[in-house]
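Peer 1: Sharing a structure, written as structure tokens. Questions coming.
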Amino acid sequence: MKTDDLIGRGLANGKYEVLEALGEGAMGRVYRARHAELRRQVAIKVLHPDVVADTNAVERLRREAQAASRLTHRAITQVYDFGASDDRFYIVMEFLDGQSLHDLLRRETLTEERAVHLMMETLSALAQAHDQGIIHRDLKPENVMLVSRISDDGAEVEGVKVCDFGIAKLAPVRDETMADAPQLTEEGKVFGTPAYMAPEQGRGKKMDHRADIYACGCMLYRMVTGELPFTGDTAVEVMLKHVLDVPTQPSSINMQLSRELEAVILKAMEKEPDHRFQTARDMR
């Protein structure tokens, strides 16, 4: 990635030293940085200058910080700080030393045992988020990081970190400080990634936490088959398939797949939310 004027400089009056760029998306760029006083590595997401003028973009970043800061689950990326410096809006998160599920799936199809383990970790994180009234809305392999952690028995095990609540929808909350917060995802607007998007989400209809359940079904489908449930030449074509088409049976692609796990995948991917698992704990 090309260097820019932030690398090698201080951010937030020198509080953070920006070391390198890690990745980039439509909203902003992510950097590896170091907290000057604590000498701790962190990741910082900085909004692109050309979107700072968009008050909704800034508000989504603020919402991301608020949403994630309310979550303390081991499988959810921790948020440390949020602010503005020299007209640059940023969010500071824990630095994750690992790879994304997306990068892993580009190289291999997972065993059933590994796929179930990673999905159970993801669903455990979602259960807490949903308890807090937070819907991720953009679950996909790119937003699931694979990291090593130490189990209660002292062994090193594979874990996950769910990232990027930047377009999360916060359900009405009781916190008076947010009582008048504007809604960023009104009915008729579409946010998310078509390959993992629930039918009601693709249609811009009212949605709830069960859209995340659908996305988990799509991710699990890809983990064990190596293929997406629906593909197309355009985003609209893919969204229409999620709305109208029945996915190919996963067991016809992976003939070693158990019928029990196939049933879980297809139930999570039901077109009607009422026909899916009703909570992340149910699916887990």
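In the structure tokens, the first chain shown is A, the next is B, and so on; residue numbers restart at 1 for each chain, and ligands run from 1 in the order shown.
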Could you pull the residues within 9 Å of A:Arg40, counting only C-alpha atoms, minus those fewer than 6 positions along the same chain, as a compact mmCIF listing (two decimals) with C-alpha atoms, in the first residue's frame?
Peer 2:
# COMPACT_ATOMS: atom_id res chain seq x y z
CA ALA A 33 0.32 2.46 15.54
CA ARG A 34 1.90 2.69 18.98
CA PHE A 95 -4.06 -4.60 17.37
Peer 1: Return as CSV the residues of stretch 13-54 of chain A lying at most 12 Å from stretch 142-149 of chain A, together with the closest atom-to-atom pair for each and the distance in Å to one decimal, counting only C-alpha atoms, with rows in chain order and ascending residue number.
Peer 2:
residue,atom,partner,partner_atom,distance
A:Gly23,CA,A:Glu142,CA,11.2
A:Glu24,CA,A:Glu142,CA,11.9
A:Gly25,CA,A:Glu142,CA,11.1
Peer 1: Would you mind exporting N, CA and C atoms of the selected residues as a PDB file, in the first residue's frame?
Peer 2:
ATOM      1  N   GLY A  23      -4.592  -1.699   5.870  1.00  0.00           N
ATOM      2  CA  GLY A  23      -5.673  -2.001   4.944  1.00  0.00           C
ATOM      3  C   GLY A  23      -6.527  -0.779   4.711  1.00  0.00           C
ATOM      4  N   GLU A  24      -7.426  -0.900   3.742  1.00  0.00           N
ATOM      5  CA  GLU A  24      -8.240   0.256   3.360  1.00  0.00           C
ATOM      6  C   GLU A  24      -9.608  -0.206   2.881  1.00  0.00           C
ATOM      7  N   GLY A  25     -10.629   0.582   3.198  1.00  0.00           N
ATOM      8  CA  GLY A  25     -11.980   0.301   2.743  1.00  0.00           C
ATOM      9  C   GLY A  25     -12.635   1.575   2.264  1.00  0.00           C
TER      10      GLY A  25
END
Peer 1: Go through A:Arg60, A:His102, A:Arg203, A:His242 and flag the residue nearest A:Asp164, using only C-alpha atoms for the distances.
Peer 2: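 Of the candidates, the smallest distance to A:Asp164 is held by A:Arg60.
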